[in-house]
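Student: Here you go, this is my_file.csv (CSV, C-alpha atoms).
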```csv
chain,number,residue,atom,x,y,z
A,12,MET,CA,0.0,0.0,0.0
A,13,LYS,CA,2.8,2.5,0.8
A,14,ASN,CA,4.2,2.5,-2.7
A,15,GLY,CA,0.7,2.8,-4.1
A,16,LEU,CA,0.0,5.6,-1.8
A,17,LEU,CA,3.1,7.5,-2.7
A,18,SER,CA,2.4,7.0,-6.4
A,19,ALA,CA,-1.2,8.2,-5.9
A,20,PHE,CA,0.0,11.3,-3.9
A,21,GLY,CA,2.4,12.0,-6.8
A,22,GLN,CA,-0.5,12.4,-9.2
A,23,MET,CA,-2.1,15.2,-7.1
A,24,THR,CA,-1.3,18.7,-8.5
A,25,TYR,CA,-0.6,21.8,-6.5
A,26,GLY,CA,0.7,25.3,-7.0
A,27,ILE,CA,4.3,26.0,-6.2
A,28,TYR,CA,4.8,29.0,-4.1
A,29,ILE,CA,7.5,30.9,-2.2
A,30,LEU,CA,6.7,31.4,1.4
A,31,THR,CA,8.6,34.1,3.3
A,32,SER,CA,8.7,34.6,7.1
A,33,LYS,CA,10.3,36.9,9.6
A,34,PHE,CA,10.7,37.3,13.4
A,35,ASP,CA,12.8,40.1,14.8
A,36,ASP,CA,15.9,40.4,12.6
A,37,GLU,CA,15.6,36.8,11.2
A,38,ILE,CA,14.1,36.2,7.8
A,39,ASN,CA,13.6,33.1,5.6
A,40,GLY,CA,12.0,31.9,2.5
A,41,MET,CA,11.0,28.4,1.4
A,42,VAL,CA,9.2,26.5,-1.3
A,43,ALA,CA,5.6,25.7,-0.4
A,44,SER,CA,3.2,23.5,-2.3
A,45,TRP,CA,0.6,22.4,0.2
A,46,VAL,CA,-1.3,25.7,-0.1
A,47,THR,CA,-5.0,26.5,-0.7
A,48,GLN,CA,-7.6,29.2,-0.3
A,49,VAL,CA,-10.2,28.2,2.3
A,50,SER,CA,-12.5,31.2,2.5
A,51,TYR,CA,-13.3,34.3,0.5
A,52,ASP,CA,-15.0,36.2,3.4
A,53,PRO,CA,-12.8,36.6,5.3
A,54,PRO,CA,-10.0,35.9,2.8
A,55,LEU,CA,-8.2,32.9,4.3
A,56,ILE,CA,-5.3,30.8,2.9
A,57,ILE,CA,-4.0,27.7,4.6
A,58,VAL,CA,-0.4,26.4,4.2
A,59,ALA,CA,1.2,23.2,5.5
A,60,VAL,CA,4.8,23.5,7.0
A,61,HIS,CA,6.8,20.7,8.5
A,62,PRO,CA,7.9,21.5,12.1
A,63,ASN,CA,11.6,21.0,11.3
A,64,ARG,CA,11.6,23.9,8.8
A,65,TYR,CA,13.3,27.1,9.9
A,66,SER,CA,10.3,29.1,8.7
A,67,HIS,CA,7.9,27.1,11.0
A,68,ASN,CA,9.6,28.6,14.0
A,69,LEU,CA,9.5,32.1,12.6
A,70,ILE,CA,5.8,31.8,11.7
A,71,GLU,CA,4.9,30.5,15.2
A,72,LYS,CA,6.8,33.4,16.8
A,73,SER,CA,5.6,36.2,14.5
A,74,ASN,CA,2.1,35.0,13.5
A,75,VAL,CA,2.7,36.3,10.0
A,76,PHE,CA,3.9,35.1,6.6
A,77,ALA,CA,3.8,36.0,3.0
A,78,LEU,CA,3.0,33.8,-0.1
A,79,HIS,CA,4.2,34.5,-3.6
A,80,VAL,CA,2.7,33.1,-6.8
A,81,LEU,CA,5.5,32.6,-9.4
A,82,ASP,CA,5.2,32.5,-13.2
A,83,ARG,CA,6.2,29.3,-15.0
A,84,SER,CA,9.2,31.2,-16.4
A,85,GLN,CA,10.4,31.8,-12.8
A,86,LYS,CA,10.9,28.1,-12.0
A,87,ASN,CA,14.6,28.8,-11.4
A,88,MET,CA,13.6,30.8,-8.2
A,89,LEU,CA,12.8,27.4,-6.6
A,90,LYS,CA,16.5,26.4,-6.4
A,91,ARG,CA,17.3,29.7,-4.6
A,92,PHE,CA,14.7,29.0,-1.9
A,93,LYS,CA,15.4,25.3,-1.3
A,94,GLY,CA,18.7,25.7,0.5
A,95,SER,CA,19.6,26.9,4.0
A,96,ASP,CA,21.8,29.9,2.9
A,97,ILE,CA,19.5,32.8,3.8
A,98,GLU,CA,21.8,35.4,2.3
A,99,LYS,CA,21.8,33.5,-1.0
A,100,LYS,CA,18.0,33.3,-1.0
A,101,PHE,CA,17.4,37.0,-0.9
A,102,SER,CA,20.5,38.5,-2.5
A,103,GLY,CA,20.2,39.8,-6.1
A,104,ILE,CA,16.4,39.8,-6.2
A,105,PRO,CA,14.1,42.7,-5.5
A,106,TRP,CA,12.1,42.5,-2.3
A,107,GLU,CA,10.7,44.9,0.3
A,108,ILE,CA,9.1,45.0,3.7
A,109,ARG,CA,5.5,45.8,3.7
A,110,ASP,CA,2.6,45.8,6.3
A,111,THR,CA,3.5,42.6,8.2
A,112,GLY,CA,7.2,43.2,8.3
A,113,VAL,CA,7.7,40.0,6.2
A,114,PRO,CA,9.8,40.1,3.0
A,115,VAL,CA,7.6,40.5,-0.1
A,116,LEU,CA,9.2,39.5,-3.3
A,117,LYS,CA,8.8,41.8,-6.3
A,118,ASN,CA,8.4,40.6,-9.9
A,119,CYS,CA,6.1,37.7,-9.1
A,120,LEU,CA,2.6,37.2,-10.4
A,121,ALA,CA,0.9,37.9,-7.1
A,122,TRP,CA,1.7,38.1,-3.4
A,123,PHE,CA,-0.3,37.9,-0.2
A,124,GLU,CA,0.6,39.0,3.4
A,125,LEU,CA,-1.1,36.9,6.0
A,126,MET,CA,-1.8,37.1,9.7
A,127,ILE,CA,-2.3,33.7,11.5
A,128,THR,CA,-5.8,33.1,12.6
A,129,GLY,CA,-5.5,29.4,13.3
A,130,HIS,CA,-2.8,26.7,13.8
A,131,LEU,CA,-3.6,23.0,13.6
A,132,THR,CA,-1.4,20.0,13.8
A,133,PRO,CA,-3.5,17.1,12.4
A,134,GLY,CA,-0.5,15.0,11.2
A,135,ASN,CA,3.2,15.5,10.6
A,136,HIS,CA,2.8,19.1,9.3
A,137,SER,CA,1.4,22.2,10.9
A,138,LEU,CA,-1.4,23.9,9.2
A,139,PHE,CA,-1.2,27.7,9.4
A,140,ILE,CA,-4.5,29.5,8.5
A,141,GLY,CA,-3.7,33.0,7.5
A,142,GLU,CA,-6.1,35.9,6.9
A,143,VAL,CA,-5.0,38.0,3.9
A,144,ILE,CA,-4.3,41.5,5.2
A,145,ASN,CA,-2.5,42.8,2.1
A,146,SER,CA,-2.1,41.5,-1.5
A,147,GLY,CA,-1.1,42.6,-4.9
A,148,THR,CA,-0.4,41.5,-8.4
A,149,GLU,CA,2.9,42.4,-10.1
A,150,SER,CA,2.5,41.0,-13.6
A,151,THR,CA,0.4,38.6,-15.8
A,152,GLY,CA,1.4,35.1,-16.8
A,153,ASN,CA,0.8,31.4,-16.0
A,154,PRO,CA,1.2,30.3,-12.4
A,155,LEU,CA,3.8,27.7,-11.7
A,156,CYS,CA,2.5,24.3,-10.5
A,157,THR,CA,3.7,20.8,-9.8
A,158,LEU,CA,3.2,19.9,-13.5
A,159,GLU,CA,6.2,22.1,-14.4
A,160,TYR,CA,8.2,21.1,-11.3
A,161,GLU,CA,10.7,18.2,-11.5
A,162,GLY,CA,10.1,15.9,-8.6
A,163,MET,CA,7.3,16.0,-6.0
A,164,TYR,CA,7.0,16.7,-2.4
A,165,ILE,CA,5.4,13.9,-0.5
A,166,GLY,CA,5.7,15.4,3.0
A,167,LYS,CA,8.5,13.6,4.6
A,168,ASN,CA,10.0,17.0,5.7
```
Step by step, read the file and then write its structure as structure tokens.

Tutor:
Amino acid sequence: MKNGLLSAFGQMTYGIYILTSKFDDEINGMVASWVTQVSYDPPLIIVAVHPNRYSHNLIEKSNVFALHVLDRSQKNMLKRFKGSDIEKKFSGIPWEIRDTGVPVLKNCLAWFELMITGHLTPGNHSLFIGEVINSGTESTGNPLCTLEYEGMYIGKN
């Protein structure tokens, strides 16, 4: 069953996003794929983050995060945000601090700043429910999703 389950999970499609977080002077960014809108009124988005991720700790402490929708042509940004070198993640790309104090990347299709309204741990990932407090669009294009992404994330960490 386990191999069948992993194969079946591999057929599920998701968007591929960059999640940024901040607490005090610490910032981070990571690739996130388990993300979905859960309400329009109020505007809520949920994201799953494994507890061993550096961003998990920053989100828990600050109660804010940002999500960025990338264009298919920006797939190379994923390599930048997969590693642990925070300087490398943010150097050479335009970003700014907005309402939440979290880094907001420029030149992406869209961005959302979110304030945590709920935190659940139903399994091996934490679910952070965030209310959108600020958002914007930077350009038009086609959102990056798992269909254009080599490999898949099956949630081991």

Student: Pick out the residues sitting within 8 Å of Glu149 in chain A, and hand them over as a VMD selection string; count only C-alpha atoms, and ignore anything fewer than 2 positions along from it in its own chain.

Tutor: chain A and resid 117 to 121 147 151

Student: Counting all atoms listed in the file, figure out which residue out of A:Asn135, A:Thr24, A:Ser84, A:Thr148 gets nearest to Pro62 in chain A.

Tutor: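 Once distances to Pro62 in chain A are computed over all atoms listed in the file, the minimum belongs to A:Asn135.
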
Student: Nearest to Glu37 in chain A: which of A:Gly152, A:Pro133, A:Gly141, A:Pro114 is it, counting all atoms listed in the file?

Tutor: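 Closest residue, counting all atoms listed in the file: A:Pro114.
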
Student: Please provide the set of residues having any atom within 10 Å of range 110-112 of chain A, restricted to all atoms listed in the file, with same-chain residues fewer than 4 positions apart removed, written as an MDAnalysis selection string.

Tutor: chainID A and resid 32:35 38 73:77 124:126 144:145

Student: Can you find the residues with an atom no farther than 9 Å from (3.6, 26.7, -1.8), counting all atoms listed in the file, and report them as a CSV table (one decimal) with C-alpha atoms, in the frame of the given file?

Tutor:
```
chain,number,residue,atom,x,y,z
A,25,TYR,CA,-0.6,21.8,-6.5
A,26,GLY,CA,0.7,25.3,-7.0
A,27,ILE,CA,4.3,26.0,-6.2
A,28,TYR,CA,4.8,29.0,-4.1
A,29,ILE,CA,7.5,30.9,-2.2
A,30,LEU,CA,6.7,31.4,1.4
A,41,MET,CA,11.0,28.4,1.4
A,42,VAL,CA,9.2,26.5,-1.3
A,43,ALA,CA,5.6,25.7,-0.4
A,44,SER,CA,3.2,23.5,-2.3
A,45,TRP,CA,0.6,22.4,0.2
A,46,VAL,CA,-1.3,25.7,-0.1
A,47,THR,CA,-5.0,26.5,-0.7
A,58,VAL,CA,-0.4,26.4,4.2
A,59,ALA,CA,1.2,23.2,5.5
A,78,LEU,CA,3.0,33.8,-0.1
A,79,HIS,CA,4.2,34.5,-3.6
A,80,VAL,CA,2.7,33.1,-6.8
```

Student: Counting all atoms listed in the file, which of A:Trp106, A:Ser95, A:Leu138, A:Asn87 gets nearest to Glu159 in chain A?

Tutor: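 That would be A:Asn87, the residue with the smallest distance to Glu159 in chain A.
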
Student: Using all atoms listed in the file, find the one residue out of A:Gly40, A:Glu142, A:Gly134, A:Asn68 that sits nearest to Phe101 in chain A.

Tutor: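 Checking each candidate against Phe101 in chain A, we get A:Gly40 as the closest.
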
Student: Using all atoms listed in the file, which residues sit within 7 Å of His130 in chain A once same-chain residues fewer than 5 positions away are excluded, as a list in words?

Tutor: Ser137, Leu138, Phe139 and Ile140 of chain A

Student: Tell me, in Å to one decimal, how far CA of Arg64 in chain A is from CA of Asn39 in chain A.

Tutor: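 Computed distance, CA of Arg64 in chain A to CA of Asn39 in chain A, equals 9.9 Å.
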
Student: What separation in Å, quoted to one decimal, exists between CA of Glu71 in chain A and CA of Tyr160 in chain A?

Tutor: 28.3 Å

Student: Can you measure CA of Lys90 in chain A to CA of Ile108 in chain A for me? One decimal in Å is fine.

Tutor: 22.4 Å
